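K.L.:
One structure coming up, written as structure tokens, with questions to follow.
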Amino acid sequence: MLAAMFAQRQLLFLTRAGFEGDCAAQVQAVAAEAGVHGFCKARADTGYLTFIAHDADALAEWFETLALDDLIFARQMNLAGEPLEDLPPDNRLGPILAAIEGQQFGGVHVETPDAEATRPLMRLCRKFTKPLEQSMRKRGWLYPGKPDLPRLHLTFVDSTTVIPGVSHPGQAAPQPMGIPRLKLAKDAPSRSALKLEEALITFLSPEERKDLLRAGLEAVDLGAAPGGWTWQLVRDGLMVTAVDNGPMAEVLIGHHSVEHHRDDGFTFRPERPVEWLVCDMVEKPSRVADLMADWMAHGDCQRAIFNLKLPMKKRQQAVMDAVERIADRLEDAEVPFEISIRHLYHDRDEVTAYLRRV
Ligand SMILES: C[S@@+](CC[C@H](N)C(=O)[O-])C[C@H]1O[C@@H](n2cnc3c(N)ncnc32)[C@H](O)[C@@H]1O
């Protein structure tokens, strides 16, 4: 168990600004399921929230088993201590070093919520990281990548207040703030290419990606135009059937790995089963969920990555309803499956799901 580094009584979660309520609702539900009593403190559009438990030991025990994958709307999380307030702008390092004195870490993330008020602090976080790491190393408190050592999180909520926290190695998002730094390639047909890339690095380990996305495998892309997702899959070596009434980008027209079908994504089916189904059609989540489950129940694909476009209200409920529809259909068909759902950095009013046969 993570040592009592600070008086830990709360979990801190980063989320997309505007989704604090959805994230809180889910944290509350998962905590209740684990028998941990407490409440969430969230303010709209701040990009973060905390869960405060009545019993610190129960909280720490729950955190041991908690995975970011369990929480759709959380981008980052840590077991947090009391905020360090009134940090002097000319020496923020001093009080922070005093608070972590003598403890050892395998890594450190300096973070801030991704919201309008705190976005300017991202520069401070980047500038602060190097000197902090150097100071910690010099004192023998930082051993980068050493297994078993926790990661230190320092979350600046304003320029003079930081919340210190910890997570187990591999437990929190590997990138600070859970924001992957992905660059759009010049010839990518659309920014959506980044969305699929983020989904692939989130849901698959590098080994799985090598094994599951390679030459010789086939994919169907429903709602493919202009072709960001198709382009991404083709880059990994797959043959792609792109289904959309709209036109594909120039770079994909006549491409030897792409077959464009001007068809309705809700009626199209491949002649033989494919490994991958991907779907980015803008449709009601229930309709997309039914379609994905139907493909899988018929054995038309092994795995699917798809977006569920969210309604304005009760977003968490809409996602849960979609999952229930998928579960009902696949349980009826006796198809064992797993599903992971995350609100990715490149998702706006949607979440991304990874459904697979197991
Ligand atoms: C958000 S865009 C997809 C972007 C694409 N993933 C990319 O990376 O470039 C949604 C696409 O779904 C298509 N679409 C919507 N309903 C469809 C349907 N019933 N059948 C096929 N395509 C559909 C639209 O024509 C549109 O091109």
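Just remember, in the structure tokens the first chain shown is A, the second B, etc., residues are 1-based per chain, and ligands are 1-based in the order shown.
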Skipping near chain neighbours, those fewer than 3 positions away, what residues fall within 8 Å of Asp349 in chain A using only C-alpha atoms, listed as JSON, numbers by chain?
P.N.:
{"A": [309, 310, 311]}
K.L.:
Can you write just those residues out, N, CA, C and O atoms, as a PDB file, in the first residue's frame?
P.N.:
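The resulting selection.pdb:
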```pdb
ATOM      1  N   LYS A 309     -21.629   9.372 -29.340  1.00  0.00           N
ATOM      2  CA  LYS A 309     -21.852  10.815 -29.240  1.00  0.00           C
ATOM      3  C   LYS A 309     -22.780  11.064 -28.056  1.00  0.00           C
ATOM      4  O   LYS A 309     -23.806  10.385 -27.910  1.00  0.00           O
ATOM      5  N   LEU A 310     -22.414  12.023 -27.216  1.00  0.00           N
ATOM      6  CA  LEU A 310     -23.143  12.199 -25.958  1.00  0.00           C
ATOM      7  C   LEU A 310     -24.250  13.240 -26.073  1.00  0.00           C
ATOM      8  O   LEU A 310     -24.095  14.238 -26.781  1.00  0.00           O
ATOM      9  N   PRO A 311     -25.342  13.021 -25.352  1.00  0.00           N
ATOM     10  CA  PRO A 311     -26.376  14.055 -25.299  1.00  0.00           C
ATOM     11  C   PRO A 311     -25.898  15.217 -24.426  1.00  0.00           C
ATOM     12  O   PRO A 311     -24.852  15.118 -23.768  1.00  0.00           O
TER      13      PRO A 311
END
```
K.L.:
Name the residues in contact with range 213-222 of chain A at a cut-off of 6 Å, using only C-alpha atoms, excluding same-chain residues fewer than 2 positions from it; report them as a list of chain:residue names.
P.N.:
A:Arg209, A:Lys210, A:Asp211, A:Ala224, A:Asp236, A:Gly237, A:Leu238, A:Met239, A:Val240, A:Thr241, A:Ala242, A:Val243, A:Gly265, A:Val274, A:Glu275, A:Trp276, A:Leu277, A:Val278, A:Cys279
K.L.:
Would you mind writing down, as a list in words, each residue of range 213-332 of chain A that DSSP on the backbone assigns to strand (DSSP E)?
P.N.:
Glu218, Ala219, Val220, Asp221, Leu222, Met239, Val240, Thr241, Ala242, Val243, Val258, Glu259, His260, His261, Val274, Glu275, Trp276, Leu277, Val278, Cys279, Cys301, Gln302, Arg303, Ala304, Ile305, Phe306, Asn307, Leu308 and Lys309 of chain A
K.L.:
Keeping C-alpha atoms, export the residues of the selection given above as a PDB file, in the first residue's frame.
P.N.:
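Result written to selection-v3.pdb:
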```
ATOM      1  CA  GLU A 218      -8.703  -6.318 -42.442  1.00  0.00           C
ATOM      2  CA  ALA A 219     -10.852  -3.529 -41.062  1.00  0.00           C
ATOM      3  CA  VAL A 220     -14.166  -1.890 -41.890  1.00  0.00           C
ATOM      4  CA  ASP A 221     -14.498   1.838 -41.176  1.00  0.00           C
ATOM      5  CA  LEU A 222     -18.140   2.992 -40.922  1.00  0.00           C
ATOM      6  CA  MET A 239      -6.628  -3.426 -45.644  1.00  0.00           C
ATOM      7  CA  VAL A 240      -9.589  -1.120 -45.037  1.00  0.00           C
ATOM      8  CA  THR A 241     -13.113  -1.068 -46.408  1.00  0.00           C
ATOM      9  CA  ALA A 242     -14.228   2.541 -45.962  1.00  0.00           C
ATOM     10  CA  VAL A 243     -18.013   2.979 -45.865  1.00  0.00           C
ATOM     11  CA  VAL A 258      -8.481   1.034 -49.334  1.00  0.00           C
ATOM     12  CA  GLU A 259     -11.812   0.072 -50.867  1.00  0.00           C
ATOM     13  CA  HIS A 260     -14.399   2.857 -50.686  1.00  0.00           C
ATOM     14  CA  HIS A 261     -18.077   1.783 -50.540  1.00  0.00           C
ATOM     15  CA  VAL A 274     -12.811  -8.900 -40.407  1.00  0.00           C
ATOM     16  CA  GLU A 275     -10.544  -8.353 -37.420  1.00  0.00           C
ATOM     17  CA  TRP A 276     -11.514  -4.724 -36.823  1.00  0.00           C
ATOM     18  CA  LEU A 277     -14.642  -2.633 -37.032  1.00  0.00           C
ATOM     19  CA  VAL A 278     -14.261   1.104 -36.416  1.00  0.00           C
ATOM     20  CA  CYS A 279     -17.163   3.543 -36.425  1.00  0.00           C
ATOM     21  CA  CYS A 301     -15.596  -8.692 -36.429  1.00  0.00           C
ATOM     22  CA  GLN A 302     -13.355  -9.614 -33.505  1.00  0.00           C
ATOM     23  CA  ARG A 303     -12.960  -6.140 -32.054  1.00  0.00           C
ATOM     24  CA  ALA A 304     -14.433  -2.690 -32.485  1.00  0.00           C
ATOM     25  CA  ILE A 305     -13.452   0.871 -31.663  1.00  0.00           C
ATOM     26  CA  PHE A 306     -16.308   3.337 -31.865  1.00  0.00           C
ATOM     27  CA  ASN A 307     -17.514   6.677 -30.651  1.00  0.00           C
ATOM     28  CA  LEU A 308     -20.667   7.253 -28.677  1.00  0.00           C
ATOM     29  CA  LYS A 309     -21.852  10.815 -29.240  1.00  0.00           C
TER      30      LYS A 309
END
```
K.L.:
Which protein, DNA or RNA residues have an atom within 9 Å of ligand 1, counting only C-alpha atoms and all ligand atoms, as a PDB file with N, CA, C and O atoms, in the first residue's frame?
P.N.:
```
ATOM      1  N   ALA A 188      -2.293  13.562 -43.152  1.00  0.00           N
ATOM      2  CA  ALA A 188      -3.501  12.984 -42.533  1.00  0.00           C
ATOM      3  C   ALA A 188      -4.740  13.687 -43.098  1.00  0.00           C
ATOM      4  O   ALA A 188      -4.762  14.914 -43.165  1.00  0.00           O
ATOM      5  N   PRO A 189      -5.776  12.922 -43.483  1.00  0.00           N
ATOM      6  CA  PRO A 189      -6.955  13.536 -44.093  1.00  0.00           C
ATOM      7  C   PRO A 189      -7.775  14.398 -43.127  1.00  0.00           C
ATOM      8  O   PRO A 189      -8.508  15.269 -43.559  1.00  0.00           O
ATOM      9  N   SER A 190      -7.711  14.122 -41.827  1.00  0.00           N
ATOM     10  CA  SER A 190      -8.491  14.928 -40.875  1.00  0.00           C
ATOM     11  C   SER A 190      -7.863  14.818 -39.489  1.00  0.00           C
ATOM     12  O   SER A 190      -7.104  13.880 -39.209  1.00  0.00           O
ATOM     13  N   ARG A 191      -8.240  15.759 -38.623  1.00  0.00           N
ATOM     14  CA  ARG A 191      -7.740  15.724 -37.236  1.00  0.00           C
ATOM     15  C   ARG A 191      -8.230  14.482 -36.497  1.00  0.00           C
ATOM     16  O   ARG A 191      -7.656  14.071 -35.504  1.00  0.00           O
ATOM     17  N   SER A 192      -9.320  13.885 -37.003  1.00  0.00           N
ATOM     18  CA  SER A 192      -9.861  12.679 -36.356  1.00  0.00           C
ATOM     19  C   SER A 192      -8.828  11.568 -36.284  1.00  0.00           C
ATOM     20  O   SER A 192      -8.946  10.665 -35.455  1.00  0.00           O
ATOM     21  N   ALA A 193      -7.828  11.631 -37.167  1.00  0.00           N
ATOM     22  CA  ALA A 193      -6.774  10.599 -37.139  1.00  0.00           C
ATOM     23  C   ALA A 193      -6.161  10.530 -35.733  1.00  0.00           C
ATOM     24  O   ALA A 193      -5.841   9.446 -35.232  1.00  0.00           O
ATOM     25  N   LEU A 194      -6.029  11.695 -35.094  1.00  0.00           N
ATOM     26  CA  LEU A 194      -5.433  11.724 -33.745  1.00  0.00           C
ATOM     27  C   LEU A 194      -6.314  11.010 -32.722  1.00  0.00           C
ATOM     28  O   LEU A 194      -5.826  10.430 -31.755  1.00  0.00           O
ATOM     29  N   LYS A 195      -7.625  11.099 -32.970  1.00  0.00           N
ATOM     30  CA  LYS A 195      -8.580  10.467 -32.040  1.00  0.00           C
ATOM     31  C   LYS A 195      -8.368   8.952 -32.042  1.00  0.00           C
ATOM     32  O   LYS A 195      -8.318   8.320 -30.982  1.00  0.00           O
ATOM     33  N   LEU A 196      -8.244   8.381 -33.239  1.00  0.00           N
ATOM     34  CA  LEU A 196      -8.043   6.930 -33.293  1.00  0.00           C
ATOM     35  C   LEU A 196      -6.660   6.565 -32.751  1.00  0.00           C
ATOM     36  O   LEU A 196      -6.512   5.574 -32.029  1.00  0.00           O
ATOM     37  N   ASP A 221     -14.366   0.523 -41.807  1.00  0.00           N
ATOM     38  CA  ASP A 221     -14.498   1.838 -41.176  1.00  0.00           C
ATOM     39  C   ASP A 221     -15.862   2.412 -41.580  1.00  0.00           C
ATOM     40  O   ASP A 221     -16.069   2.779 -42.741  1.00  0.00           O
ATOM     41  N   LEU A 222     -16.796   2.477 -40.625  1.00  0.00           N
ATOM     42  CA  LEU A 222     -18.140   2.992 -40.922  1.00  0.00           C
ATOM     43  C   LEU A 222     -18.189   4.492 -40.636  1.00  0.00           C
ATOM     44  O   LEU A 222     -17.823   4.926 -39.543  1.00  0.00           O
ATOM     45  N   GLY A 223     -18.649   5.255 -41.604  1.00  0.00           N
ATOM     46  CA  GLY A 223     -18.624   6.718 -41.475  1.00  0.00           C
ATOM     47  C   GLY A 223     -17.186   7.180 -41.632  1.00  0.00           C
ATOM     48  O   GLY A 223     -16.660   7.892 -40.782  1.00  0.00           O
ATOM     49  N   ALA A 224     -16.570   6.760 -42.731  1.00  0.00           N
ATOM     50  CA  ALA A 224     -15.103   6.878 -42.861  1.00  0.00           C
ATOM     51  C   ALA A 224     -14.621   8.230 -43.362  1.00  0.00           C
ATOM     52  O   ALA A 224     -13.478   8.625 -43.083  1.00  0.00           O
ATOM     53  N   ALA A 225     -15.472   8.942 -44.120  1.00  0.00           N
ATOM     54  CA  ALA A 225     -14.985  10.146 -44.807  1.00  0.00           C
ATOM     55  C   ALA A 225     -14.713  11.304 -43.826  1.00  0.00           C
ATOM     56  O   ALA A 225     -15.426  11.423 -42.834  1.00  0.00           O
ATOM     57  N   PRO A 226     -13.694  12.128 -44.082  1.00  0.00           N
ATOM     58  CA  PRO A 226     -12.780  12.084 -45.228  1.00  0.00           C
ATOM     59  C   PRO A 226     -11.673  11.035 -45.122  1.00  0.00           C
ATOM     60  O   PRO A 226     -10.926  10.844 -46.073  1.00  0.00           O
ATOM     61  N   GLY A 227     -11.515  10.379 -43.945  1.00  0.00           N
ATOM     62  CA  GLY A 227     -10.619   9.226 -43.958  1.00  0.00           C
ATOM     63  C   GLY A 227      -9.497   9.210 -42.926  1.00  0.00           C
ATOM     64  O   GLY A 227      -8.562   8.434 -43.063  1.00  0.00           O
ATOM     65  N   GLY A 228      -9.609  10.035 -41.882  1.00  0.00           N
ATOM     66  CA  GLY A 228      -8.548  10.052 -40.851  1.00  0.00           C
ATOM     67  C   GLY A 228      -8.328   8.679 -40.218  1.00  0.00           C
ATOM     68  O   GLY A 228      -7.190   8.237 -40.030  1.00  0.00           O
ATOM     69  N   TRP A 229      -9.421   7.998 -39.901  1.00  0.00           N
ATOM     70  CA  TRP A 229      -9.291   6.683 -39.237  1.00  0.00           C
ATOM     71  C   TRP A 229      -8.781   5.643 -40.219  1.00  0.00           C
ATOM     72  O   TRP A 229      -7.930   4.819 -39.883  1.00  0.00           O
ATOM     73  N   THR A 230      -9.341   5.689 -41.444  1.00  0.00           N
ATOM     74  CA  THR A 230      -8.891   4.749 -42.473  1.00  0.00           C
ATOM     75  C   THR A 230      -7.388   4.909 -42.698  1.00  0.00           C
ATOM     76  O   THR A 230      -6.626   3.933 -42.731  1.00  0.00           O
ATOM     77  N   TRP A 231      -6.961   6.151 -42.801  1.00  0.00           N
ATOM     78  CA  TRP A 231      -5.537   6.475 -43.032  1.00  0.00           C
ATOM     79  C   TRP A 231      -4.670   5.909 -41.907  1.00  0.00           C
ATOM     80  O   TRP A 231      -3.613   5.338 -42.137  1.00  0.00           O
ATOM     81  N   GLN A 232      -5.153   6.054 -40.670  1.00  0.00           N
ATOM     82  CA  GLN A 232      -4.415   5.562 -39.495  1.00  0.00           C
ATOM     83  C   GLN A 232      -4.251   4.031 -39.567  1.00  0.00           C
ATOM     84  O   GLN A 232      -3.181   3.491 -39.301  1.00  0.00           O
ATOM     85  N   VAL A 243     -16.597   2.868 -45.500  1.00  0.00           N
ATOM     86  CA  VAL A 243     -18.013   2.979 -45.865  1.00  0.00           C
ATOM     87  C   VAL A 243     -18.515   4.382 -45.547  1.00  0.00           C
ATOM     88  O   VAL A 243     -18.513   4.798 -44.377  1.00  0.00           O
ATOM     89  N   ASP A 244     -18.912   5.108 -46.574  1.00  0.00           N
ATOM     90  CA  ASP A 244     -19.435   6.467 -46.364  1.00  0.00           C
ATOM     91  C   ASP A 244     -19.973   6.971 -47.690  1.00  0.00           C
ATOM     92  O   ASP A 244     -19.356   6.730 -48.732  1.00  0.00           O
ATOM     93  N   ASN A 245     -21.082   7.685 -47.637  1.00  0.00           N
ATOM     94  CA  ASN A 245     -21.583   8.279 -48.881  1.00  0.00           C
ATOM     95  C   ASN A 245     -20.774   9.494 -49.286  1.00  0.00           C
ATOM     96  O   ASN A 245     -20.803   9.904 -50.441  1.00  0.00           O
ATOM     97  N   GLY A 246     -20.045  10.050 -48.347  1.00  0.00           N
ATOM     98  CA  GLY A 246     -19.223  11.228 -48.627  1.00  0.00           C
ATOM     99  C   GLY A 246     -17.906  10.839 -49.282  1.00  0.00           C
ATOM    100  O   GLY A 246     -17.517   9.664 -49.271  1.00  0.00           O
ATOM    101  N   PRO A 247     -17.194  11.838 -49.828  1.00  0.00           N
ATOM    102  CA  PRO A 247     -15.939  11.555 -50.530  1.00  0.00           C
ATOM    103  C   PRO A 247     -14.768  11.349 -49.582  1.00  0.00           C
ATOM    104  O   PRO A 247     -14.695  11.984 -48.524  1.00  0.00           O
ATOM    105  N   MET A 248     -13.856  10.481 -49.984  1.00  0.00           N
ATOM    106  CA  MET A 248     -12.627  10.259 -49.213  1.00  0.00           C
ATOM    107  C   MET A 248     -11.577  11.270 -49.662  1.00  0.00           C
ATOM    108  O   MET A 248     -11.635  11.787 -50.784  1.00  0.00           O
ATOM    109  N   ALA A 249     -10.608  11.526 -48.792  1.00  0.00           N
ATOM    110  CA  ALA A 249      -9.543  12.485 -49.118  1.00  0.00           C
ATOM    111  C   ALA A 249      -8.703  11.958 -50.278  1.00  0.00           C
ATOM    112  O   ALA A 249      -8.573  10.738 -50.466  1.00  0.00           O
ATOM    113  N   ARG A 262     -19.701   3.450 -51.211  1.00  0.00           N
ATOM    114  CA  ARG A 262     -20.693   4.508 -50.938  1.00  0.00           C
ATOM    115  C   ARG A 262     -21.972   3.804 -50.496  1.00  0.00           C
ATOM    116  O   ARG A 262     -22.804   3.437 -51.318  1.00  0.00           O
ATOM    117  N   ASP A 263     -22.066   3.585 -49.218  1.00  0.00           N
ATOM    118  CA  ASP A 263     -23.140   2.743 -48.683  1.00  0.00           C
ATOM    119  C   ASP A 263     -23.621   3.291 -47.348  1.00  0.00           C
ATOM    120  O   ASP A 263     -22.949   4.136 -46.740  1.00  0.00           O
ATOM    121  N   ASP A 264     -24.744   2.754 -46.877  1.00  0.00           N
ATOM    122  CA  ASP A 264     -25.224   3.122 -45.545  1.00  0.00           C
ATOM    123  C   ASP A 264     -24.506   2.249 -44.507  1.00  0.00           C
ATOM    124  O   ASP A 264     -24.555   1.014 -44.596  1.00  0.00           O
ATOM    125  N   GLY A 265     -23.862   2.886 -43.547  1.00  0.00           N
ATOM    126  CA  GLY A 265     -23.113   2.160 -42.522  1.00  0.00           C
ATOM    127  C   GLY A 265     -23.992   1.254 -41.663  1.00  0.00           C
ATOM    128  O   GLY A 265     -23.490   0.338 -41.007  1.00  0.00           O
ATOM    129  N   PHE A 266     -25.298   1.508 -41.663  1.00  0.00           N
ATOM    130  CA  PHE A 266     -26.166   0.683 -40.818  1.00  0.00           C
ATOM    131  C   PHE A 266     -26.612  -0.600 -41.515  1.00  0.00           C
ATOM    132  O   PHE A 266     -27.126  -1.505 -40.865  1.00  0.00           O
ATOM    133  N   THR A 267     -26.412  -0.665 -42.843  1.00  0.00           N
ATOM    134  CA  THR A 267     -26.819  -1.900 -43.544  1.00  0.00           C
ATOM    135  C   THR A 267     -25.620  -2.657 -44.113  1.00  0.00           C
ATOM    136  O   THR A 267     -25.730  -3.849 -44.396  1.00  0.00           O
ATOM    137  N   PHE A 268     -24.493  -1.984 -44.259  1.00  0.00           N
ATOM    138  CA  PHE A 268     -23.325  -2.653 -44.860  1.00  0.00           C
ATOM    139  C   PHE A 268     -22.830  -3.814 -43.974  1.00  0.00           C
ATOM    140  O   PHE A 268     -22.755  -3.688 -42.760  1.00  0.00           O
ATOM    141  N   VAL A 278     -14.331  -0.206 -37.077  1.00  0.00           N
ATOM    142  CA  VAL A 278     -14.261   1.104 -36.416  1.00  0.00           C
ATOM    143  C   VAL A 278     -15.435   1.930 -36.921  1.00  0.00           C
ATOM    144  O   VAL A 278     -15.891   1.745 -38.053  1.00  0.00           O
ATOM    145  N   CYS A 279     -15.942   2.809 -36.071  1.00  0.00           N
ATOM    146  CA  CYS A 279     -17.163   3.543 -36.425  1.00  0.00           C
ATOM    147  C   CYS A 279     -17.170   4.919 -35.776  1.00  0.00           C
ATOM    148  O   CYS A 279     -17.062   5.034 -34.561  1.00  0.00           O
ATOM    149  N   ASP A 280     -17.299   5.926 -36.629  1.00  0.00           N
ATOM    150  CA  ASP A 280     -17.312   7.317 -36.150  1.00  0.00           C
ATOM    151  C   ASP A 280     -18.536   8.045 -36.703  1.00  0.00           C
ATOM    152  O   ASP A 280     -18.492   9.246 -36.941  1.00  0.00           O
ATOM    153  N   MET A 281     -19.630   7.294 -36.931  1.00  0.00           N
ATOM    154  CA  MET A 281     -20.843   7.928 -37.474  1.00  0.00           C
ATOM    155  C   MET A 281     -21.508   8.763 -36.382  1.00  0.00           C
ATOM    156  O   MET A 281     -21.570   8.355 -35.224  1.00  0.00           O
ATOM    157  N   VAL A 282     -21.992   9.929 -36.783  1.00  0.00           N
ATOM    158  CA  VAL A 282     -22.681  10.785 -35.804  1.00  0.00           C
ATOM    159  C   VAL A 282     -24.125  10.294 -35.724  1.00  0.00           C
ATOM    160  O   VAL A 282     -24.931  10.549 -36.614  1.00  0.00           O
ATOM    161  N   GLU A 283     -24.414   9.572 -34.668  1.00  0.00           N
ATOM    162  CA  GLU A 283     -25.735   8.945 -34.509  1.00  0.00           C
ATOM    163  C   GLU A 283     -26.050   8.813 -33.021  1.00  0.00           C
ATOM    164  O   GLU A 283     -25.177   8.994 -32.183  1.00  0.00           O
TER     165      GLU A 283
END
```
K.L.:
Can you tell me, as an NGL selection string, what residues are no more than 9 Å from Gly47 in chain A when counting only C-alpha atoms, ignoring any on the same chain fewer than 6 positions away?
P.N.:
:A and (13-20 or 112-116 or 118)
K.L.:
Restrict the selected residues to C-alpha atoms and save them as a CSV table (one decimal), in the first residue's frame.
P.N.:
```csv
chain,number,residue,atom,x,y,z
A,13,PHE,CA,-9.3,13.6,-10.6
A,14,LEU,CA,-8.6,15.7,-13.7
A,15,THR,CA,-11.4,15.8,-16.4
A,16,ARG,CA,-12.4,17.8,-19.4
A,17,ALA,CA,-13.7,21.2,-18.3
A,18,GLY,CA,-17.5,21.0,-18.3
A,19,PHE,CA,-17.6,17.2,-17.4
A,20,GLU,CA,-16.9,17.6,-13.7
A,112,THR,CA,-2.8,21.5,-13.7
A,113,PRO,CA,-6.4,21.2,-14.7
A,114,ASP,CA,-7.1,21.7,-18.4
A,115,ALA,CA,-9.6,24.6,-17.9
A,116,GLU,CA,-9.7,28.2,-18.9
A,118,THR,CA,-5.6,27.2,-15.1
```
K.L.:
I'd like the interatomic distance between CA of Glu133 in chain A and CA of Leu182 in chain A, to a tenth of an Å.
P.N.:
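Between CA of Glu133 in chain A and CA of Leu182 in chain A the gap is 23.9 Å.
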K.L.:
Do you have the CA of Thr352 in chain A-CA of Ile339 in chain A distance handy?
P.N.:
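Straight-line distance from CA of Thr352 in chain A to CA of Ile339 in chain A works out to 10.5 Å.
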K.L.:
Considering only alpha helix (DSSP H) as DSSP defines it on the backbone, what residues of range 24-148 of chain A qualify? List them as a count of residues only.
P.N.:
45
K.L.:
For Asp22 in chain A, please output as a ChimeraX atom specification all residues within 9 Å (counting only C-alpha atoms; exclusion window: fewer than 5 positions along the same chain).
P.N.:
/A:27,73,314-317
K.L.:
Rank A:Pro176, A:Gly94, A:Gln171, A:Gly81 by their smallest atom-to-atom distance to Arg126 in chain A, using only C-alpha atoms, and report the top residue only.
P.N.:
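Checking each of A:Pro176, A:Gly94, A:Gln171, A:Gly81 against Arg126 in chain A, counting only C-alpha atoms, the winner is A:Pro176.
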K.L.:
I'd like the contact shell of range 96-103 of chain A - 12 Å cut-off, only C-alpha atoms, skipping same-chain residues fewer than 2 positions apart - returned as a ChimeraX atom specification.
P.N.:
/A:2-7,81-88,91-94,105-108,110,128,131-143,149-156,160-166
K.L.:
Between CA of Ala24 in chain A and CA of Ala67 in chain A, what is the spacing in Å?
P.N.:
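CA of Ala24 in chain A lies 15.5 Å from CA of Ala67 in chain A.
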K.L.:
For Phe203 in chain A, please output as a VMD selection string all residues within 12 Å (counting only C-alpha atoms; exclusion window: fewer than 2 positions along the same chain).
P.N.:
chain A and resid 68 to 69 173 196 to 201 205 to 209 212 303 to 305 338 to 344 352 to 356
